[in-house]
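S.K.: Have a peek at input_33.cif (mmCIF, C-alpha atoms).
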```
data_upload
#
loop_
_atom_site.group_PDB
_atom_site.id
_atom_site.type_symbol
_atom_site.label_atom_id
_atom_site.label_comp_id
_atom_site.auth_asym_id
_atom_site.auth_seq_id
_atom_site.Cartn_x
_atom_site.Cartn_y
_atom_site.Cartn_z
ATOM 1 C CA MET R 1 83.818 76.862 111.333
ATOM 2 C CA ASP R 2 81.663 79.908 110.640
ATOM 3 C CA PRO R 3 83.703 83.101 111.106
ATOM 4 C CA PHE R 4 80.583 85.016 112.094
ATOM 5 C CA ASP R 5 79.860 82.531 114.884
ATOM 6 C CA LEU R 6 83.340 83.293 116.200
ATOM 7 C CA VAL R 7 82.603 87.033 116.005
ATOM 8 C CA GLN R 8 79.465 86.460 118.079
ATOM 9 C CA THR R 9 81.405 84.400 120.615
ATOM 10 C CA ALA R 10 83.976 87.186 120.878
ATOM 11 C CA ARG R 11 81.173 89.688 121.579
ATOM 12 C CA VAL R 12 79.776 87.469 124.341
ATOM 13 C CA LEU R 13 83.204 87.124 125.943
ATOM 14 C CA ALA R 14 83.855 90.872 125.800
ATOM 15 C CA CYS R 15 80.590 91.636 127.581
ATOM 16 C CA LEU R 16 80.489 88.804 130.148
ATOM 17 C CA ASP R 17 81.368 90.862 133.191
ATOM 18 C CA GLN R 18 79.320 93.768 134.473
ATOM 19 C CA GLY R 19 81.406 96.651 135.704
ATOM 20 C CA ARG R 20 85.126 96.130 135.349
ATOM 21 C CA PRO R 21 85.733 93.236 132.920
ATOM 22 C CA ARG R 22 88.181 90.462 133.706
ATOM 23 C CA GLN R 23 91.255 90.467 131.503
ATOM 24 C CA VAL R 24 90.898 86.767 130.771
ATOM 25 C CA ASN R 25 87.552 87.394 129.062
ATOM 26 C CA LEU R 26 88.815 90.386 127.111
ATOM 27 C CA LYS R 27 91.932 88.523 125.988
ATOM 28 C CA ARG R 28 89.936 85.480 124.921
ATOM 29 C CA ALA R 29 87.528 87.788 123.058
ATOM 30 C CA LEU R 30 90.406 89.405 121.199
ATOM 31 C CA SER R 31 91.936 86.049 120.355
ATOM 32 C CA THR R 32 88.552 84.795 119.137
ATOM 33 C CA ALA R 33 88.128 87.870 116.909
ATOM 34 C CA TYR R 34 91.482 87.067 115.310
ATOM 35 C CA TYR R 35 90.446 83.463 114.785
ATOM 36 C CA ALA R 36 87.273 84.667 113.088
ATOM 37 C CA MET R 37 89.469 86.400 110.511
ATOM 38 C CA PHE R 38 91.807 83.423 110.262
ATOM 39 C CA HIS R 39 88.929 81.011 109.649
ATOM 40 C CA ALA R 40 87.492 83.398 107.035
ATOM 41 C CA LEU R 41 90.865 83.187 105.314
ATOM 42 C CA CYS R 42 90.904 79.364 105.526
ATOM 43 C CA LEU R 43 87.326 79.209 104.226
ATOM 44 C CA ASN R 44 88.213 81.482 101.306
ATOM 45 C CA CYS R 45 91.188 79.287 100.382
ATOM 46 C CA ALA R 46 89.296 75.987 100.594
ATOM 47 C CA ASN R 47 86.270 77.311 98.721
ATOM 48 C CA SER R 48 88.461 78.917 96.053
ATOM 49 C CA PHE R 49 90.548 75.809 95.380
ATOM 50 C CA ILE R 50 88.081 72.961 95.979
ATOM 51 C CA GLY R 51 84.590 74.471 95.835
ATOM 52 C CA THR R 52 81.864 75.775 98.082
ATOM 53 C CA GLU R 53 79.465 73.679 100.127
ATOM 54 C CA GLY R 54 77.103 71.792 97.874
ATOM 55 C CA ALA R 55 79.593 71.752 95.008
ATOM 56 C CA ASP R 56 80.844 68.448 93.696
ATOM 57 C CA ARG R 57 83.930 68.485 95.876
ATOM 58 C CA SER R 58 86.109 66.119 97.813
ATOM 59 C CA GLU R 59 85.641 66.803 101.522
ATOM 60 C CA ASN R 60 89.107 65.417 102.253
ATOM 61 C CA ALA R 61 90.680 67.793 99.726
ATOM 62 C CA TRP R 62 88.620 70.711 101.063
ATOM 63 C CA ASN R 63 89.741 69.944 104.630
ATOM 64 C CA GLN R 64 93.349 69.638 103.496
ATOM 65 C CA VAL R 65 93.319 73.089 101.888
ATOM 66 C CA TYR R 66 91.438 74.586 104.843
ATOM 67 C CA ARG R 67 94.061 73.233 107.282
ATOM 68 C CA SER R 68 97.002 74.198 105.050
ATOM 69 C CA VAL R 69 96.806 77.913 105.825
ATOM 70 C CA ASP R 70 99.741 78.843 108.043
ATOM 71 C CA HIS R 71 99.448 81.795 110.427
ATOM 72 C CA ALA R 72 103.019 83.054 109.992
ATOM 73 C CA PHE R 73 103.108 82.613 106.213
ATOM 74 C CA ALA R 74 99.708 84.311 105.823
ATOM 75 C CA LYS R 75 100.959 87.254 107.889
ATOM 76 C CA LYS R 76 104.141 87.485 105.810
ATOM 77 C CA GLN R 77 102.135 87.475 102.588
ATOM 78 C CA CYS R 78 99.666 90.064 103.908
ATOM 79 C CA LYS R 79 102.572 92.348 104.870
ATOM 80 C CA ASN R 80 104.034 92.274 101.351
ATOM 81 C CA GLN R 81 102.907 95.732 100.260
ATOM 82 C CA GLU R 82 104.202 95.366 96.701
ATOM 83 C CA ALA R 83 102.128 92.242 96.061
ATOM 84 C CA MET R 84 99.124 93.461 98.036
ATOM 85 C CA ALA R 85 98.951 96.566 95.830
ATOM 86 C CA SER R 86 97.476 94.430 93.038
ATOM 87 C CA PHE R 87 94.433 93.482 95.128
ATOM 88 C CA PRO R 88 91.233 95.515 95.488
ATOM 89 C CA GLU R 89 90.782 97.791 98.475
ATOM 90 C CA GLY R 90 88.583 95.393 100.462
ATOM 91 C CA ILE R 91 91.161 92.615 100.339
ATOM 92 C CA LYS R 92 93.993 95.027 101.124
ATOM 93 C CA ARG R 93 92.112 96.265 104.192
ATOM 94 C CA PHE R 94 91.440 92.673 105.266
ATOM 95 C CA ALA R 95 95.128 91.800 104.894
ATOM 96 C CA ASN R 96 96.301 94.879 106.782
ATOM 97 C CA TYR R 97 93.947 94.273 109.689
ATOM 98 C CA PHE R 98 94.775 90.566 109.722
ATOM 99 C CA VAL R 99 98.405 91.518 110.428
ATOM 100 C CA ASN R 100 97.409 94.026 113.121
ATOM 101 C CA LEU R 101 94.961 91.690 114.832
ATOM 102 C CA GLN R 102 97.444 88.814 114.793
ATOM 103 C CA ASP R 103 99.888 91.068 116.652
ATOM 104 C CA MET R 104 97.178 91.962 119.165
ATOM 105 C CA ARG R 105 96.294 88.284 119.585
ATOM 106 C CA HIS R 106 99.925 87.489 120.342
ATOM 107 C CA GLN R 107 99.889 90.185 123.010
ATOM 108 C CA ALA R 108 96.635 88.855 124.432
ATOM 109 C CA ASP R 109 97.759 85.227 124.427
ATOM 110 C CA TYR R 110 101.428 85.544 125.339
ATOM 111 C CA ASP R 111 102.027 88.786 127.253
ATOM 112 C CA PRO R 112 100.734 88.436 130.812
ATOM 113 C CA THR R 113 101.474 92.117 131.527
ATOM 114 C CA ARG R 114 99.418 93.454 128.601
ATOM 115 C CA SER R 115 95.917 94.523 129.535
ATOM 116 C CA PHE R 116 93.039 95.646 127.342
ATOM 117 C CA ASP R 117 89.978 97.755 127.982
ATOM 118 C CA ARG R 118 86.548 96.621 126.923
ATOM 119 C CA GLN R 119 86.053 99.323 124.293
ATOM 120 C CA GLU R 120 89.377 98.523 122.647
ATOM 121 C CA VAL R 121 88.349 94.865 122.378
ATOM 122 C CA ILE R 122 84.832 95.664 121.142
ATOM 123 C CA ASN R 123 86.338 97.940 118.483
ATOM 124 C CA ALA R 124 88.654 95.126 117.393
ATOM 125 C CA ILE R 125 85.719 92.704 117.184
ATOM 126 C CA ASP R 126 83.648 95.166 115.155
ATOM 127 C CA HIS R 127 86.573 95.836 112.851
ATOM 128 C CA SER R 128 87.286 92.128 112.356
ATOM 129 C CA GLU R 129 83.661 91.559 111.340
ATOM 130 C CA GLY R 130 83.875 94.407 108.842
ATOM 131 C CA MET R 131 87.111 93.046 107.404
ATOM 132 C CA ILE R 132 85.599 89.577 106.992
ATOM 133 C CA ASN R 133 82.751 91.187 105.061
ATOM 134 C CA ASN R 134 85.311 93.079 102.949
ATOM 135 C CA LEU R 135 86.952 89.799 101.987
ATOM 136 C CA LEU R 136 83.717 87.929 101.304
ATOM 137 C CA ASP R 137 82.226 90.835 99.326
ATOM 138 C CA SER R 138 85.259 91.075 97.028
ATOM 139 C CA ASP R 139 85.185 89.889 93.441
ATOM 140 C CA LEU R 140 85.450 86.084 93.187
ATOM 141 C CA ARG R 141 88.406 86.250 90.790
ATOM 142 C CA MET R 142 90.327 88.411 93.255
ATOM 143 C CA ARG R 143 89.367 86.212 96.228
ATOM 144 C CA LYS R 144 90.802 83.246 94.327
ATOM 145 C CA ALA R 145 93.998 85.150 93.573
ATOM 146 C CA PHE R 146 94.265 86.132 97.243
ATOM 147 C CA ALA R 147 93.736 82.484 98.259
ATOM 148 C CA ALA R 148 96.625 81.444 96.018
ATOM 149 C CA TRP R 149 98.793 84.247 97.422
ATOM 150 C CA ILE R 150 98.054 83.176 101.014
ATOM 151 C CA ALA R 151 98.206 79.392 100.701
ATOM 152 C CA VAL R 152 100.702 78.592 97.947
ATOM 153 C CA ARG R 153 104.403 79.111 98.452
ATOM 154 C CA TYR R 154 106.064 80.497 95.328
ATOM 155 C CA ARG R 155 109.171 78.648 94.196
ATOM 156 C CA TYR R 156 111.759 80.581 92.239
ATOM 157 C CA ARG R 157 113.504 78.820 89.375
#
```
Could I get this file's structure written as structure tokens?
M.R.:
Amino acid sequence: MDPFDLVQTARVLACLDQGRPRQVNLKRALSTAYYAMFHALCLNCANSFIGTEGADRSENAWNQVYRSVDHAFAKKQCKNQEAMASFPEGIKRFANYFVNLQDMRHQADYDPTRSFDRQEVINAIDHSEGMINNLLDSDLRMRKAFAAWIAVRYRYR
């Protein structure tokens, strides 16, 4: 799934209604913006471990890594400030906003009393797109290290 296609879908949803937007469209737009970041994370992990499209890779293995990323574990890892300090600024910003946008998505998806205004949602969409670019523009070695940090659970001896 192309994260930038999800960003575009989020933009469409945020701007569907003329005048006062319906909350259902704004909430779906916000959720879709989060999923754009989540799928960018999954794509980074699968590409880092198995290889990019066109590489001599096992599609089954690529799909397995892609689907192995866990929302809660990724959030926990992104919140670990001590570990995140070793990553470059672009990845740190991605991780920080991933945590924030996941919280907003939970509000949008699970809190029926929470409402959003269109500009707030558009800002979140714009920011998610920028954070995806931050991740993808980061050094390959650091993207691979971030993939390992997000997808692999460390076992203490």
S.K.: Pick from R:Cys78, R:Leu101, R:Ala124, R:Leu41: nearest to Arg143 of chain R, with only C-alpha atoms counted?
M.R.: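 Closest residue, counting only C-alpha atoms: R:Leu41.
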S.K.: Given the file shown, enumerate the residues that the PyMOL selection byres ((chain R and resi 109) around 10) captures and present them as a PyMOL selection string.
M.R.: chain R and resi 24+27-28+30-31+103-108+110-112+114
S.K.: Neighbouring residues of Ala46 of chain R were defined as those with any atom within 8 Å, considering all atoms listed in the file; residues of the same chain fewer than 6 positions away were excluded. Please report them as a PyMOL selection string.
M.R.: chain R and resi 52+62-63+65-66
S.K.: Name the residues that the PyMOL selection byres ((chain R and resi 135) around 12) picks from the file above, as JSON, numbers by chain, using the file's chain letters and numbers.
M.R.: {"R": [3, 37, 38, 39, 40, 41, 42, 43, 44, 45, 87, 88, 89, 90, 91, 92, 93, 94, 95, 96, 97, 98, 128, 129, 130, 131, 132, 133, 134, 136, 137, 138, 139, 140, 141, 142, 143, 144, 145, 146, 147]}
S.K.: Pick from R:Arg22, R:Arg118, R:Arg11, R:Lys75: nearest to Ala36 of chain R, with all atoms listed in the file counted?
M.R.: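 Distance minimum relative to Ala36 of chain R lands on R:Arg11.
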S.K.: Would you mind telling me which residue in R:Gln119, R:Ser68, R:Gln81, R:Thr113 lies nearest to Ile150 of chain R when using all atoms listed in the file?
M.R.: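 Result for the nearest residue to Ile150 of chain R: R:Ser68.
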S.K.: Restricting the calculation to only C-alpha atoms: of R:Gln23, R:Gln8, R:Gln18, R:Gln77, which residue gets closest to Val152 of chain R?
M.R.: R:Gln77
S.K.: In Å, rounded to a single decimal, give me how far atom CA of Ala72 of chain R is from atom CA of Phe116 of chain R.
M.R.: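 So the answer is 23.6 Å.
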S.K.: May I ask for the distance between atom CA of Gly19 of chain R and atom CA of Tyr34 of chain R, given in Å to one decimal place?
M.R.: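 Result for atom CA of Gly19 of chain R versus atom CA of Tyr34 of chain R: 24.7 Å, one decimal.
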S.K.: Using all atoms listed in the file, pick whichever of R:Thr32, R:Gln102, R:Ser58, R:Asn25 has the shortest atom-to-atom distance to Ala74 of chain R.
M.R.: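 The closest residue to Ala74 of chain R is R:Gln102.
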S.K.: To one decimal in Å, tell me the separation between atom CA of Phe4 of chain R and atom CA of Ala85 of chain R.
M.R.: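 Taking atom CA of Phe4 of chain R and atom CA of Ala85 of chain R, their separation equals 27.1 Å.
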S.K.: Nearest to Tyr154 of chain R: which of R:Arg20, R:Phe73, R:Arg67, R:Val7 is it, counting all atoms listed in the file?
M.R.: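 Of R:Arg20, R:Phe73, R:Arg67, R:Val7, the one nearest Tyr154 of chain R, counting all atoms listed in the file, is R:Phe73.
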S.K.: Reconstruct segment 21-41 of chain R at the level of N, CA and C atoms, and format the result as an mmCIF file, in the coordinates of the input.
M.R.:
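Written file, out_26.cif:
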```cif
data_model
loop_
_atom_site.group_PDB
_atom_site.id
_atom_site.type_symbol
_atom_site.label_atom_id
_atom_site.label_comp_id
_atom_site.auth_asym_id
_atom_site.auth_seq_id
_atom_site.Cartn_x
_atom_site.Cartn_y
_atom_site.Cartn_z
ATOM 1 N N PRO R 21 85.614 94.574 133.510
ATOM 2 C CA PRO R 21 85.733 93.236 132.920
ATOM 3 C C PRO R 21 87.026 92.545 133.353
ATOM 4 N N ARG R 22 86.977 91.235 133.408
ATOM 5 C CA ARG R 22 88.181 90.462 133.706
ATOM 6 C C ARG R 22 89.035 90.374 132.448
ATOM 7 N N GLN R 23 90.329 90.501 132.633
ATOM 8 C CA GLN R 23 91.255 90.467 131.503
ATOM 9 C C GLN R 23 91.179 89.144 130.739
ATOM 10 N N VAL R 24 90.965 88.063 131.444
ATOM 11 C CA VAL R 24 90.898 86.767 130.771
ATOM 12 C C VAL R 24 89.780 86.750 129.727
ATOM 13 N N ASN R 25 88.661 87.358 130.024
ATOM 14 C CA ASN R 25 87.552 87.394 129.062
ATOM 15 C C ASN R 25 87.859 88.321 127.895
ATOM 16 N N LEU R 26 88.464 89.454 128.183
ATOM 17 C CA LEU R 26 88.815 90.386 127.111
ATOM 18 C C LEU R 26 89.886 89.786 126.201
ATOM 19 N N LYS R 27 90.863 89.128 126.793
ATOM 20 C CA LYS R 27 91.932 88.523 125.988
ATOM 21 C C LYS R 27 91.405 87.375 125.138
ATOM 22 N N ARG R 28 90.526 86.564 125.704
ATOM 23 C CA ARG R 28 89.936 85.480 124.921
ATOM 24 C C ARG R 28 89.061 86.049 123.804
ATOM 25 N N ALA R 29 88.361 87.141 124.079
ATOM 26 C CA ALA R 29 87.528 87.788 123.058
ATOM 27 C C ALA R 29 88.386 88.284 121.902
ATOM 28 N N LEU R 30 89.496 88.897 122.225
ATOM 29 C CA LEU R 30 90.406 89.405 121.199
ATOM 30 C C LEU R 30 90.991 88.265 120.375
ATOM 31 N N SER R 31 91.404 87.217 121.051
ATOM 32 C CA SER R 31 91.936 86.049 120.355
ATOM 33 C C SER R 31 90.870 85.428 119.446
ATOM 34 N N THR R 32 89.651 85.363 119.919
ATOM 35 C CA THR R 32 88.552 84.795 119.137
ATOM 36 C C THR R 32 88.240 85.658 117.917
ATOM 37 N N ALA R 33 88.335 86.973 118.058
ATOM 38 C CA ALA R 33 88.128 87.870 116.909
ATOM 39 C C ALA R 33 89.190 87.611 115.839
ATOM 40 N N TYR R 34 90.428 87.410 116.277
ATOM 41 C CA TYR R 34 91.482 87.067 115.310
ATOM 42 C C TYR R 34 91.148 85.751 114.613
ATOM 43 N N TYR R 35 90.747 84.761 115.387
ATOM 44 C CA TYR R 35 90.446 83.463 114.785
ATOM 45 C C TYR R 35 89.249 83.533 113.838
ATOM 46 N N ALA R 36 88.361 84.459 114.052
ATOM 47 C CA ALA R 36 87.273 84.667 113.088
ATOM 48 C C ALA R 36 87.855 85.068 111.735
ATOM 49 N N MET R 37 88.828 85.989 111.765
ATOM 50 C CA MET R 37 89.469 86.400 110.511
ATOM 51 C C MET R 37 90.283 85.254 109.915
ATOM 52 N N PHE R 38 90.990 84.534 110.754
ATOM 53 C CA PHE R 38 91.807 83.423 110.262
ATOM 54 C C PHE R 38 90.931 82.355 109.601
ATOM 55 N N HIS R 39 89.809 82.022 110.232
ATOM 56 C CA HIS R 39 88.929 81.011 109.649
ATOM 57 C C HIS R 39 88.245 81.525 108.378
ATOM 58 N N ALA R 40 88.006 82.830 108.291
ATOM 59 C CA ALA R 40 87.492 83.398 107.035
ATOM 60 C C ALA R 40 88.524 83.210 105.924
ATOM 61 N N LEU R 41 89.781 83.383 106.266
ATOM 62 C CA LEU R 41 90.865 83.187 105.314
ATOM 63 C C LEU R 41 90.942 81.713 104.875
#
```
